[in-house]
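Just upload-v6.cif here, mmCIF, C-alpha atoms:
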```cif
data_input
#
loop_
_atom_site.label_atom_id
_atom_site.label_comp_id
_atom_site.auth_asym_id
_atom_site.auth_seq_id
_atom_site.Cartn_x
_atom_site.Cartn_y
_atom_site.Cartn_z
CA MET A 217 13.06 -21.63 -22.40
CA THR A 218 10.08 -22.44 -20.21
CA SER A 219 6.82 -20.53 -19.85
CA ASN A 220 8.17 -18.97 -16.64
CA ASP A 221 10.74 -17.04 -18.71
CA ILE A 222 8.06 -15.01 -20.53
CA PRO A 223 7.80 -11.41 -19.20
CA PRO A 224 4.55 -10.89 -17.27
CA ALA A 225 4.05 -7.58 -19.04
CA ALA A 226 3.70 -9.21 -22.44
CA PRO A 227 0.25 -8.79 -24.00
CA GLY A 228 -2.09 -11.68 -23.28
CA ALA A 229 -2.27 -12.98 -26.85
CA LEU A 230 1.50 -12.72 -27.31
CA ARG A 231 2.11 -14.44 -24.00
CA ARG A 232 -0.21 -17.30 -24.93
CA LEU A 233 1.50 -17.66 -28.30
CA ALA A 234 4.94 -17.69 -26.70
CA ALA A 235 3.78 -20.20 -24.09
CA ALA A 236 2.65 -22.53 -26.86
CA PHE A 237 6.23 -22.74 -28.14
CA THR A 238 8.01 -23.77 -24.96
CA VAL A 239 8.74 -27.05 -23.21
CA ASP A 240 5.86 -28.46 -21.16
CA LEU A 241 7.38 -29.55 -17.83
CA SER A 242 4.17 -30.83 -16.28
CA PRO A 243 5.20 -34.55 -16.30
CA TRP A 244 8.47 -33.64 -14.55
CA ARG A 245 6.65 -31.65 -11.89
CA GLY A 246 3.80 -34.09 -11.43
CA SER A 247 5.46 -37.51 -11.30
CA ARG A 248 8.33 -38.54 -9.02
CA ASP A 249 8.82 -41.77 -10.97
CA PHE A 250 9.03 -39.89 -14.26
CA ARG A 251 11.76 -37.69 -12.77
CA LEU A 252 13.70 -40.75 -11.64
CA LEU A 253 13.34 -42.54 -14.97
CA TRP A 254 14.19 -39.42 -16.97
CA SER A 255 17.28 -38.73 -14.86
CA ALA A 256 18.49 -42.32 -15.15
CA GLY A 257 18.14 -42.13 -18.92
CA ALA A 258 19.97 -38.81 -19.09
CA ILE A 259 22.92 -40.39 -17.29
CA THR A 260 23.08 -43.57 -19.36
CA VAL A 261 22.73 -41.81 -22.72
CA PHE A 262 26.19 -40.35 -22.20
CA GLY A 263 27.67 -43.70 -21.22
CA SER A 264 25.98 -45.42 -24.15
CA TYR A 265 27.56 -42.99 -26.60
CA LEU A 266 30.94 -43.63 -25.01
CA THR A 267 30.62 -47.32 -25.82
CA LEU A 268 29.11 -46.58 -29.23
CA VAL A 269 32.30 -44.72 -30.09
CA ALA A 270 34.76 -46.93 -28.19
CA VAL A 271 33.78 -50.34 -29.59
CA PRO A 272 34.31 -49.46 -33.29
CA LEU A 273 37.50 -47.59 -32.34
CA GLN A 274 38.87 -50.60 -30.48
CA LEU A 275 37.94 -52.92 -33.34
CA LYS A 276 39.77 -50.62 -35.76
CA GLN A 277 42.81 -50.64 -33.48
CA LEU A 278 42.77 -54.44 -33.15
CA THR A 279 41.96 -55.43 -36.74
CA GLY A 280 42.50 -52.45 -39.03
CA SER A 281 39.50 -53.73 -41.03
CA SER A 282 36.48 -51.64 -42.00
CA LEU A 283 34.58 -54.89 -42.60
CA ALA A 284 35.23 -55.98 -39.02
CA VAL A 285 33.84 -52.69 -37.79
CA GLY A 286 30.80 -52.94 -40.05
CA LEU A 287 29.94 -56.40 -38.72
CA ILE A 288 29.01 -54.85 -35.37
CA GLY A 289 25.72 -53.68 -36.86
CA ALA A 290 25.05 -57.14 -38.26
CA VAL A 291 25.51 -58.93 -34.93
CA GLU A 292 23.22 -56.43 -33.21
CA LEU A 293 20.31 -56.73 -35.64
CA VAL A 294 19.07 -60.29 -34.95
CA PRO A 295 19.00 -59.91 -31.12
CA LEU A 296 17.17 -56.61 -31.62
CA ILE A 297 14.41 -58.25 -33.64
CA VAL A 298 14.01 -61.40 -31.55
CA CYS A 299 14.39 -59.85 -28.11
CA GLY A 300 12.27 -56.82 -28.94
CA LEU A 301 9.20 -59.00 -29.41
CA TRP A 302 10.08 -61.22 -26.43
CA GLY A 303 10.76 -58.17 -24.27
CA GLY A 304 7.29 -56.90 -25.09
CA ALA A 305 5.75 -60.14 -23.87
CA LEU A 306 7.84 -59.98 -20.67
CA ALA A 307 6.79 -56.36 -20.08
CA ASP A 308 3.13 -57.41 -20.02
CA ALA A 309 3.72 -60.43 -17.78
CA MET A 310 5.89 -59.12 -14.93
CA ASP A 311 6.60 -56.06 -12.84
CA ARG A 312 7.87 -53.51 -15.38
CA ARG A 313 10.02 -51.74 -12.84
CA ARG A 314 11.76 -55.04 -12.02
CA LEU A 315 12.28 -55.84 -15.71
CA VAL A 316 13.76 -52.41 -16.43
CA LEU A 317 16.03 -52.66 -13.39
CA ARG A 318 17.29 -56.16 -14.18
CA SER A 319 17.99 -55.38 -17.81
CA GLU A 320 19.84 -52.22 -16.75
CA VAL A 321 22.02 -54.33 -14.45
CA ALA A 322 22.65 -56.76 -17.33
CA GLN A 323 23.76 -53.93 -19.60
CA GLY A 324 26.04 -52.68 -16.85
CA LEU A 325 27.64 -56.15 -16.70
CA CYS A 326 28.21 -55.90 -20.46
CA ALA A 327 30.10 -52.65 -19.88
CA ALA A 328 32.13 -54.39 -17.17
CA ALA A 329 33.00 -57.20 -19.61
CA LEU A 330 34.22 -54.68 -22.19
CA LEU A 331 36.33 -52.99 -19.52
CA GLY A 332 37.83 -56.31 -18.41
CA ASN A 333 38.73 -57.25 -21.97
CA ALA A 334 40.25 -53.82 -22.65
CA LEU A 335 42.49 -54.11 -19.57
CA LEU A 336 44.02 -57.40 -20.75
CA PRO A 337 47.59 -57.24 -22.08
CA HIS A 338 46.25 -58.46 -25.42
CA PRO A 339 42.52 -57.71 -25.76
CA ALA A 340 40.56 -60.21 -27.84
CA VAL A 341 38.26 -59.35 -30.73
CA TRP A 342 35.49 -61.91 -30.20
CA PRO A 343 34.29 -60.46 -26.85
CA LEU A 344 33.46 -57.21 -28.63
CA TYR A 345 31.03 -59.00 -30.94
CA LEU A 346 29.59 -61.13 -28.14
CA VAL A 347 29.03 -58.16 -25.85
CA ALA A 348 27.55 -56.12 -28.71
CA ALA A 349 25.01 -58.88 -29.36
CA LEU A 350 24.20 -59.30 -25.65
CA SER A 351 23.90 -55.56 -25.08
CA SER A 352 21.56 -55.29 -28.07
CA ALA A 353 19.48 -58.15 -26.66
CA PHE A 354 19.21 -56.65 -23.17
CA GLY A 355 18.43 -53.21 -24.60
CA ALA A 356 15.68 -54.70 -26.77
CA ILE A 357 14.23 -56.52 -23.77
CA GLN A 358 14.26 -53.32 -21.72
CA ARG A 359 12.87 -50.86 -24.24
CA PRO A 360 9.27 -52.17 -24.39
CA ALA A 361 9.04 -52.07 -20.59
CA LEU A 362 10.40 -48.51 -20.56
CA ASP A 363 7.90 -47.41 -23.20
CA ALA A 364 5.07 -49.18 -21.39
CA LEU A 365 5.97 -47.51 -18.08
CA THR A 366 5.39 -43.98 -19.32
CA PRO A 367 1.57 -44.05 -19.53
CA GLN A 368 1.47 -45.60 -16.05
CA ILE A 369 3.55 -42.96 -14.29
CA VAL A 370 2.30 -39.73 -15.90
CA ALA A 371 -1.17 -38.26 -16.23
CA HIS A 372 -3.05 -39.20 -19.39
CA ASP A 373 -3.24 -35.62 -20.63
CA GLN A 374 0.54 -35.24 -20.22
CA LEU A 375 1.58 -38.07 -22.55
CA THR A 376 2.64 -35.76 -25.39
CA ALA A 377 4.63 -33.62 -22.95
CA ALA A 378 6.31 -36.73 -21.54
CA ALA A 379 7.27 -37.88 -25.04
CA SER A 380 8.69 -34.43 -25.70
CA LEU A 381 10.79 -34.46 -22.52
CA ASN A 382 12.11 -37.93 -23.30
CA SER A 383 13.05 -36.72 -26.77
CA LEU A 384 14.74 -33.68 -25.27
CA ARG A 385 16.95 -35.99 -23.23
CA TRP A 386 17.91 -38.17 -26.17
CA ASN A 387 18.44 -35.40 -28.69
CA ALA A 388 20.51 -33.24 -26.37
CA GLY A 389 22.61 -36.33 -25.71
CA ALA A 390 22.88 -37.09 -29.42
CA ILE A 391 24.36 -33.64 -30.04
CA ALA A 392 26.78 -33.31 -27.12
CA ALA A 393 27.64 -36.87 -26.09
CA PRO A 394 29.25 -38.20 -29.32
CA ALA A 395 31.75 -35.34 -29.53
CA LEU A 396 32.72 -35.67 -25.86
CA ALA A 397 32.78 -39.46 -26.14
CA GLY A 398 35.12 -39.23 -29.12
CA VAL A 399 37.53 -37.02 -27.19
CA ILE A 400 37.57 -39.37 -24.20
CA ALA A 401 37.90 -42.59 -26.23
CA THR A 402 40.67 -41.27 -28.48
CA SER A 403 42.68 -39.32 -25.89
CA ALA A 404 42.21 -41.26 -22.63
CA GLY A 405 41.70 -44.68 -24.24
CA VAL A 406 38.85 -47.12 -24.67
CA SER A 407 39.33 -48.61 -21.21
CA VAL A 408 38.57 -45.22 -19.63
CA ALA A 409 35.49 -44.92 -21.86
CA TYR A 410 34.23 -48.35 -20.75
CA ALA A 411 34.92 -47.50 -17.09
CA ILE A 412 32.86 -44.30 -17.32
CA ASP A 413 30.07 -46.22 -19.06
CA LEU A 414 30.06 -48.73 -16.20
CA ALA A 415 29.85 -45.88 -13.68
CA THR A 416 26.82 -44.41 -15.49
CA PHE A 417 25.05 -47.77 -15.27
CA VAL A 418 25.72 -47.92 -11.53
CA ALA A 419 24.18 -44.45 -11.13
CA SER A 420 21.15 -45.29 -13.27
CA VAL A 421 20.52 -48.55 -11.39
CA LEU A 422 20.51 -46.66 -8.08
CA LEU A 423 17.92 -44.25 -9.48
CA MET A 424 15.75 -46.98 -11.01
CA TYR A 425 15.83 -48.93 -7.75
CA ARG A 426 13.81 -46.09 -6.19
CA LEU A 427 10.95 -46.49 -8.69
CA LYS A 428 7.68 -47.77 -7.29
CA PRO A 429 6.72 -51.32 -8.28
CA VAL A 430 4.51 -51.60 -11.37
CA PRO A 431 3.11 -55.14 -11.08
CA ALA A 432 1.48 -56.90 -13.99
CA LEU A 433 -2.28 -57.34 -14.02
CA ALA A 434 -3.61 -60.47 -12.36
CA SER A 435 -4.98 -61.58 -15.72
CA ALA A 436 -1.68 -61.01 -17.55
CA GLU A 437 -0.59 -63.73 -19.97
CA LYS A 438 2.67 -65.53 -19.38
CA PRO A 439 5.36 -64.68 -21.95
CA SER A 440 5.03 -67.09 -24.86
CA LEU A 441 4.80 -67.22 -28.62
CA ARG A 442 1.03 -67.21 -28.22
CA ALA A 443 1.20 -64.01 -26.16
CA ILE A 444 3.37 -62.37 -28.85
CA ALA A 445 0.90 -63.51 -31.51
CA ASP A 446 -1.97 -61.98 -29.50
CA GLY A 447 -0.14 -58.66 -29.53
CA LEU A 448 0.40 -58.87 -33.28
CA ARG A 449 -3.28 -59.70 -33.80
CA TYR A 450 -4.28 -56.68 -31.74
CA ALA A 451 -2.01 -54.45 -33.83
CA ARG A 452 -3.56 -55.87 -36.99
CA SER A 453 -7.04 -55.04 -35.66
CA ARG A 454 -6.09 -51.36 -35.30
CA PRO A 455 -5.49 -49.91 -38.79
CA GLU A 456 -4.49 -46.55 -37.36
CA LEU A 457 -1.73 -48.25 -35.37
CA LEU A 458 -0.59 -50.18 -38.43
CA GLY A 459 -0.58 -46.89 -40.29
CA THR A 460 1.87 -45.30 -37.85
CA TYR A 461 4.20 -48.30 -38.15
CA ALA A 462 3.96 -48.37 -41.94
CA VAL A 463 4.53 -44.62 -42.31
CA ASP A 464 7.61 -44.70 -40.10
CA ILE A 465 9.10 -47.72 -41.88
CA ALA A 466 8.48 -46.14 -45.30
CA ALA A 467 10.04 -42.85 -44.22
CA MET A 468 13.18 -44.52 -42.90
CA LEU A 469 13.47 -47.10 -45.70
CA PHE A 470 13.35 -44.56 -48.51
CA ALA A 471 14.86 -41.45 -46.93
CA MET A 472 17.50 -42.38 -44.33
CA PRO A 473 20.70 -41.03 -45.94
CA THR A 474 23.30 -41.25 -43.17
CA ALA A 475 25.19 -44.13 -44.79
CA VAL A 476 26.28 -41.84 -47.65
CA PHE A 477 27.12 -38.74 -45.58
CA PRO A 478 30.91 -39.28 -45.91
CA PHE A 479 30.52 -39.41 -49.68
CA LEU A 480 28.13 -36.44 -49.74
CA ALA A 481 30.62 -34.29 -47.82
CA ASP A 482 33.24 -35.25 -50.38
CA ARG A 483 30.96 -34.40 -53.34
CA LEU A 484 30.23 -31.00 -51.82
CA HIS A 485 33.98 -30.37 -51.27
CA ALA A 486 33.26 -29.87 -47.57
CA ASP A 487 34.89 -32.72 -45.67
CA TRP A 488 34.76 -30.52 -42.57
CA SER A 489 30.95 -30.73 -42.61
CA LEU A 490 30.69 -34.49 -42.00
CA GLY A 491 30.23 -34.17 -38.24
CA LEU A 492 27.66 -31.42 -38.75
CA MET A 493 25.70 -33.67 -41.10
CA TYR A 494 25.47 -36.40 -38.48
CA ALA A 495 24.44 -33.88 -35.82
CA ALA A 496 21.92 -32.01 -38.00
CA PHE A 497 19.02 -34.44 -37.45
CA ALA A 498 19.46 -34.21 -33.68
CA VAL A 499 19.65 -30.40 -33.84
CA GLY A 500 16.34 -30.26 -35.73
CA ALA A 501 14.73 -32.71 -33.35
CA LEU A 502 15.94 -30.67 -30.37
CA LEU A 503 14.46 -27.50 -31.86
CA THR A 504 11.10 -29.25 -32.18
CA THR A 505 11.32 -30.50 -28.61
CA LEU A 506 12.19 -27.09 -27.18
CA THR A 507 9.11 -25.58 -28.87
CA SER A 508 6.73 -28.48 -28.34
CA ARG A 509 4.16 -27.20 -25.85
CA TRP A 510 1.74 -26.62 -28.75
CA ALA A 511 1.70 -30.37 -29.46
CA SER A 512 -0.41 -31.11 -26.36
CA SER A 513 -3.34 -29.22 -27.90
CA VAL A 514 -3.34 -31.27 -31.14
CA HIS A 515 -5.91 -34.08 -31.36
CA ARG A 516 -5.56 -35.43 -34.90
CA HIS A 517 -2.37 -37.32 -34.26
CA GLY A 518 -2.55 -39.53 -37.34
CA ARG A 519 -2.62 -36.56 -39.70
CA MET A 520 0.37 -35.04 -37.96
CA VAL A 521 2.33 -38.29 -38.32
CA VAL A 522 1.60 -38.32 -42.06
CA TRP A 523 2.35 -34.65 -42.71
CA ALA A 524 5.53 -34.80 -40.65
CA ALA A 525 6.74 -37.87 -42.57
CA ILE A 526 6.04 -36.07 -45.85
CA GLY A 527 8.01 -33.09 -44.50
CA TRP A 528 10.89 -35.42 -43.62
CA GLY A 529 10.97 -36.81 -47.15
CA ALA A 530 10.76 -33.38 -48.77
CA ALA A 531 13.58 -32.03 -46.61
CA VAL A 532 15.80 -35.03 -47.37
CA ALA A 533 15.08 -34.58 -51.09
CA GLY A 534 16.18 -30.96 -50.75
CA ALA A 535 19.44 -32.08 -49.16
CA GLY A 536 20.14 -34.16 -52.27
CA LEU A 537 19.29 -31.38 -54.71
CA PHE A 538 21.42 -28.55 -53.32
CA SER A 539 25.06 -28.35 -54.34
CA ASN A 540 26.11 -25.98 -51.53
CA VAL A 541 26.77 -27.45 -48.10
CA TRP A 542 24.88 -24.81 -46.06
CA PRO A 543 21.45 -25.35 -47.66
CA VAL A 544 22.11 -29.08 -47.35
CA LEU A 545 22.69 -28.73 -43.61
CA LEU A 546 19.56 -26.60 -43.22
CA CYS A 547 17.54 -29.26 -45.04
CA LEU A 548 18.90 -31.94 -42.73
CA VAL A 549 17.97 -29.85 -39.68
CA ALA A 550 14.47 -29.41 -41.10
CA ALA A 551 14.26 -33.16 -41.69
CA GLY A 552 15.22 -33.85 -38.07
CA ALA A 553 12.57 -31.39 -36.86
CA ALA A 554 9.89 -33.07 -38.99
CA ASP A 555 10.92 -36.54 -37.82
CA MET A 556 10.61 -35.40 -34.22
CA VAL A 557 7.07 -34.14 -34.84
CA SER A 558 6.20 -37.56 -36.26
CA GLY A 559 7.79 -39.28 -33.27
CA LEU A 560 5.89 -37.14 -30.75
CA PHE A 561 2.50 -37.93 -32.23
CA ARG A 562 3.25 -41.61 -32.83
CA ALA A 563 4.16 -41.96 -29.15
CA THR A 564 1.07 -40.02 -28.06
CA LEU A 565 -1.25 -42.16 -30.16
CA TRP A 566 0.35 -45.38 -28.92
CA ASN A 567 0.44 -44.44 -25.24
CA GLY A 568 -3.02 -42.91 -25.31
CA THR A 569 -4.90 -45.84 -26.86
CA ILE A 570 -3.17 -49.17 -26.16
CA PRO A 571 -4.39 -51.02 -23.02
CA ASP A 572 -1.82 -51.61 -20.26
CA GLU A 573 -2.13 -55.40 -20.59
CA LEU A 574 -0.92 -55.15 -24.21
CA ARG A 575 1.33 -52.10 -23.99
CA GLY A 576 4.57 -54.05 -23.62
CA ARG A 577 3.95 -56.33 -26.59
CA LEU A 578 2.94 -53.42 -28.80
CA ALA A 579 6.04 -51.53 -27.64
CA GLY A 580 8.04 -54.49 -28.96
CA VAL A 581 6.36 -54.09 -32.34
CA GLU A 582 7.08 -50.37 -32.24
CA LEU A 583 10.73 -51.07 -31.46
CA LEU A 584 10.97 -53.03 -34.69
CA SER A 585 9.16 -50.36 -36.71
CA TYR A 586 11.58 -47.58 -35.74
CA SER A 587 14.73 -49.73 -35.59
CA VAL A 588 14.58 -52.00 -38.63
CA GLY A 589 13.54 -49.20 -41.00
CA PRO A 590 16.74 -47.16 -40.54
CA GLN A 591 18.87 -50.31 -40.86
CA LEU A 592 17.27 -51.17 -44.19
CA GLY A 593 17.39 -47.52 -45.20
CA GLN A 594 21.17 -47.54 -44.87
CA VAL A 595 21.35 -50.47 -47.27
CA ARG A 596 19.01 -48.70 -49.71
CA ALA A 597 20.97 -45.45 -49.63
CA GLY A 598 24.34 -47.13 -50.11
CA GLY A 599 23.16 -49.47 -52.87
CA MET A 600 21.37 -46.74 -54.82
CA ALA A 601 24.36 -44.42 -54.47
CA ALA A 602 26.49 -47.04 -56.21
CA LEU A 603 23.99 -47.15 -59.09
CA VAL A 604 22.88 -43.54 -59.61
CA GLY A 605 25.27 -41.43 -57.55
CA VAL A 606 25.30 -40.04 -54.03
CA ARG A 607 23.17 -36.94 -54.45
CA ALA A 608 20.64 -38.74 -56.66
CA SER A 609 20.38 -41.49 -54.04
CA ILE A 610 19.38 -38.87 -51.48
CA TRP A 611 16.87 -36.83 -53.47
CA VAL A 612 15.29 -39.86 -55.15
CA GLY A 613 14.90 -41.47 -51.73
CA GLY A 614 13.29 -38.33 -50.33
CA LEU A 615 10.85 -38.15 -53.23
CA ALA A 616 10.06 -41.86 -52.88
CA CYS A 617 9.31 -41.24 -49.18
CA VAL A 618 6.83 -38.46 -50.05
CA LEU A 619 5.08 -40.66 -52.61
CA ALA A 620 5.03 -43.76 -50.38
CA VAL A 621 3.67 -41.92 -47.34
CA SER A 622 1.03 -40.19 -49.47
CA ALA A 623 -0.04 -43.57 -50.84
CA LEU A 624 -0.24 -45.00 -47.32
CA ALA A 625 -2.36 -42.06 -46.17
CA ALA A 626 -4.78 -42.71 -49.04
CA ALA A 627 -4.87 -46.45 -48.32
CA LEU A 628 -5.39 -45.99 -44.55
CA PRO A 629 -8.18 -43.41 -44.10
CA SER A 630 -8.60 -44.42 -40.45
CA LEU A 631 -5.14 -42.98 -39.75
CA MET A 632 -6.15 -39.63 -41.22
CA ARG A 633 -9.53 -39.68 -39.43
CA TYR A 634 -8.08 -40.48 -36.01
CA ASP A 635 -9.13 -37.91 -33.40
CA ALA A 636 -8.11 -38.41 -29.77
CA ARG A 637 -11.28 -36.64 -28.60
CA THR A 638 -13.63 -39.18 -30.18
CA ASP A 639 -11.62 -42.33 -30.88
CA PRO A 640 -13.17 -45.16 -28.80
CA HIS A 641 -9.80 -46.55 -27.73
CA ALA A 642 -8.59 -43.12 -26.59
CA VAL A 643 -11.87 -42.43 -24.78
CA ALA A 644 -11.70 -45.81 -23.01
CA MET A 645 -8.12 -45.13 -21.88
CA ARG A 646 -9.03 -41.69 -20.51
CA GLU A 647 -11.91 -43.16 -18.55
CA ARG A 648 -9.69 -45.96 -17.29
CA ARG A 649 -6.99 -43.53 -16.13
CA ALA A 650 -9.57 -41.32 -14.43
CA ALA A 651 -11.01 -44.29 -12.56
CA GLU A 652 -7.53 -45.42 -11.50
CA ALA A 653 -6.74 -41.91 -10.24
CA VAL A 654 -9.91 -41.90 -8.14
CA ARG A 655 -9.07 -45.32 -6.65
CA GLN A 656 -5.52 -44.23 -5.83
CA GLN A 657 -6.75 -41.04 -4.20
CA GLU A 658 -9.23 -42.96 -2.08
CA ALA A 659 -6.49 -45.40 -1.02
CA ASP A 660 -3.87 -42.70 -0.40
CA PRO A 661 -4.90 -39.02 -0.55
CA ALA A 662 -1.22 -38.03 -0.62
CA VAL A 663 -0.85 -39.58 -4.09
CA LEU A 664 -1.85 -36.27 -5.67
CA ALA A 665 1.29 -34.73 -4.24
CA GLY A 666 3.35 -36.92 -6.65
#
```
Go through the file and emit its structure as structure tokens.
Amino acid sequence: MTSNDIPPAAPGALRRLAAAFTVDLSPWRGSRDFRLLWSAGAITVFGSYLTLVAVPLQLKQLTGSSLAVGLIGAVELVPLIVCGLWGGALADAMDRRRLVLRSEVAQGLCAAALLGNALLPHPAVWPLYLVAALSSAFGAIQRPALDALTPQIVAHDQLTAAASLNSLRWNAGAIAAPALAGVIATSAGVSVAYAIDLATFVASVLLMYRLKPVPALASAEKPSLRAIADGLRYARSRPELLGTYAVDIAAMLFAMPTAVFPFLADRLHADWSLGLMYAAFAVGALLTTLTSRWASSVHRHGRMVVWAAIGWGAAVAGAGLFSNVWPVLLCLVAAGAADMVSGLFRATLWNGTIPDELRGRLAGVELLSYSVGPQLGQVRAGGMAALVGVRASIWVGGLACVLAVSALAAALPSLMRYDARTDPHAVAMRERRAAEAVRQQEADPAVLAG
């Protein structure tokens, strides 16, 4: 629902309340480049889920080994860590549009390699691992540039709305795409899945090619270990930034239960609910996104990150305490909604305060904070389940998340004090964006038309 769907006859107060709980489409209306980038992402999210389903399925078909399938995650982790930081340095040193486009082409070539291997009379196993590592590397290189592009192509006061729309794209895809991808990969075959994935990359490249150039600043540092270290030093100088990273890592480390979902469904005597458990987080996140217009009027982003992370932990703890599957599913939906609130305000704080010349490198740090935490959380959940049981692993992890995030909030008062209206970094960025808008208007009055 958008604000245009609200009946004009509704009382003023009711109409304003209803408008606060809708999707803010202002970035979509106001920025041509945002529309292009959003549309390209909406196309590739479907193709990415096709490959996400097809690669493990093909490995199972070729090897029959659960260990072989599990190793996919291991080969993806190291490239993610290394290339995430390097991709951040590249994003600050070169045209971000060019970097996004080239890495998209590289990921398309990875899809082509998987297709070529699948069409062989006897497909090999090793290309699946090699392509998984390369695709992880190219994705990690691309993501910081994508994140750094957003504050440059939308108005400063629309950053929260842009984050919400990006989340809408990903969460809608996370609900619908896996089911459809599973049907295609299992019925039509993995080669068809890889072919469709390749086609989605072709479409996204054509859209991204139309983006306007986003050249690096003349003073930009060349990508190097020193440049990466400069980004890390900047992050360390901003305790409120460190707080957002620490809160997210703690939340995922202690309360990411997806590794034990198959066992939880078994304990609840509801094997049929396994797919719903995996989809529940995305459903909750989508509900938050569809009612997110209110978020643009919030200024204390740090507090919202903390309270949302506490809500995530409490909801996950509830999922471990209930013995009936329906309350468990509701708790997981609530957890996904809380996690989405945290994600919205983390992205707003990052995009609204980090200078353009450092945005790529800090996006690389952010990539690690929200990627490594869930990976480690899976290990924690599985290991604790072996020691204390599945349900105890979940509720203990949720409680540990609540305690850890509360401790971080007490240890990092600057995170709780952060106010976008008065924070010097946020004020400086608003003034910088306003000055840039004036310069662009003077150079080309038609720029206001988007």
- Query: At a cut-off of 9 Å from (11.6, -46.1, -52.7) in the coordinates of the file, what residues are picked up using all atoms listed in the file, written as a ChimeraX atom specification?
  - Reply: /A:466,469-471,596,612-617,619-620
- Task: Using the chain letters and numbering of this document, enumerate as a ChimeraX atom specification the residues selected by the PyMOL selection byres ((chain A and resi 330-340) around 9).
- Result: /A:267,271,274,278,325-329,341-344,347,406-411,414
- Which of these, A:Tyr634, A:Tyr586, A:Phe561, A:Trp302, has the shortest distance to Ala445 (chain A) once you count all atoms listed in the file?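 Of A:Tyr634, A:Tyr586, A:Phe561, A:Trp302, the one nearest Ala445 (chain A) is A:Trp302, counting all atoms listed in the file.
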- Query: If we count only C-alpha atoms, what is near region 450-460 of chain A at a cut-off of 7 Å, once residues fewer than 3 positions away on the same chain are taken out, given as a PyMOL selection string?
  - Reply: chain A and resi 446-447+463-464+562+628+630-631
- Item | Using only C-alpha atoms: which of A:Val621, A:Ala353, A:Ala322, A:Ser247 has the shortest distance to Leu427 (chain A) |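 Result for the nearest residue to Leu427 (chain A): A:Ser247.
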- Explicit residue set for the PyMOL selection byres ((chain A and resi 578) around 12), as a PyMOL selection string: chain A and resi 300-308+359-361+363-364+443-452+454+457-458+461+563+566-567+569-577+579-585
- Apply the PyMOL selection byres ((chain A and resi 487-498) around 7) to the displayed file and report the matching residues as a list in words.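 Checking the PyMOL selection byres ((chain A and resi 487-498) around 7) against this file, the residues are Asn387, Ala390, Ile391, Phe477, Pro478, Ala481, Asp482, His485, Ala486, Val499, Gly500, Ala501, Leu502, Leu545, Leu548, Val549, Ala551 and Gly552 of chain A.
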- How many Å separate CA of Leu315 (chain A) from CA of Val421 (chain A)?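 A separation of 11.8 Å between them.
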- Could you check how far CA of Thr638 (chain A) sits from CA of Ser508 (chain A), in Å to one decimal? 23.1 Å
- Query: Which one of A:Trp510, A:Trp528, A:Trp523, A:Phe538 sits closest to Ser622 (chain A) if you count all atoms listed in the file?
  - Reply: A:Trp523
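The coordinates place CA of Val239 (chain A) at 7.8 Å from CA of Ser380 (chain A).
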- Task: Mind checking which residues fall within 12 Å of Arg648 (chain A), counting all atoms listed in the file, ignoring those fewer than 4 positions away in the same chain, and posting them as a VMD selection string?
- Result: chain A and resid 367 to 368 371 to 372 568 to 572 641 to 644 652 to 655
Put the listed atoms of region 464-468 of chain A in a box along x, y and z with 8 Å added on every side and give me the centre and edge lengths in Å to one decimal, as AutoDock Vina command-line options.
```
--center_x 10.4 --center_y -45.3 --center_z -42.7 --size_x 21.6 --size_y 20.9 --size_z 21.2
```
- Taking all atoms listed in the file into account, which of A:Trp254, A:Ser383, A:Arg633, A:Pro640 comes nearest Leu365 (chain A)? A:Trp254
- Using only C-alpha atoms: which of A:Ala597, A:Ala309, A:Leu252, A:Ala626 has the shortest distance to Ala436 (chain A):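 Counting only C-alpha atoms, the residue closest to Ala436 (chain A) is A:Ala309.
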- When distances are computed from only C-alpha atoms, which of A:Pro473, A:Gly605, A:Pro629, A:Gly405 shows the smallest separation from Leu273 (chain A)?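 Smallest separation from Leu273 (chain A) among the options: A:Gly405.
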- Message: Give me, as JSON, numbers by chain, all polymer residues having an atom no more than 10 Å from Asp249 (chain A), counting all atoms listed in the file and skipping those fewer than 2 positions away in the same chain.
- Response: {"A": [243, 244, 246, 247, 251, 252, 253, 254, 255, 365, 366, 368, 369, 370, 423, 424, 426, 427, 428, 666]}
Final N, CA and C atoms of region 262-267 of chain A as a tab-separated table (two decimals), keeping the file's coordinate frame:
```tsv
chain	number	residue	atom	x	y	z
A	262	PHE	N	24.79	-40.74	-22.03
A	262	PHE	CA	26.19	-40.35	-22.20
A	262	PHE	C	27.09	-41.59	-22.21
A	263	GLY	N	26.87	-42.49	-21.25
A	263	GLY	CA	27.67	-43.70	-21.22
A	263	GLY	C	27.49	-44.55	-22.46
A	264	SER	N	26.25	-44.62	-22.96
A	264	SER	CA	25.98	-45.42	-24.15
A	264	SER	C	26.73	-44.88	-25.36
A	265	TYR	N	26.81	-43.56	-25.49
A	265	TYR	CA	27.56	-42.99	-26.60
A	265	TYR	C	29.05	-43.24	-26.45
A	266	LEU	N	29.53	-43.28	-25.23
A	266	LEU	CA	30.94	-43.63	-25.01
A	266	LEU	C	31.25	-45.00	-25.60
A	267	THR	N	30.40	-45.97	-25.30
A	267	THR	CA	30.62	-47.32	-25.82
A	267	THR	C	30.38	-47.38	-27.32
```
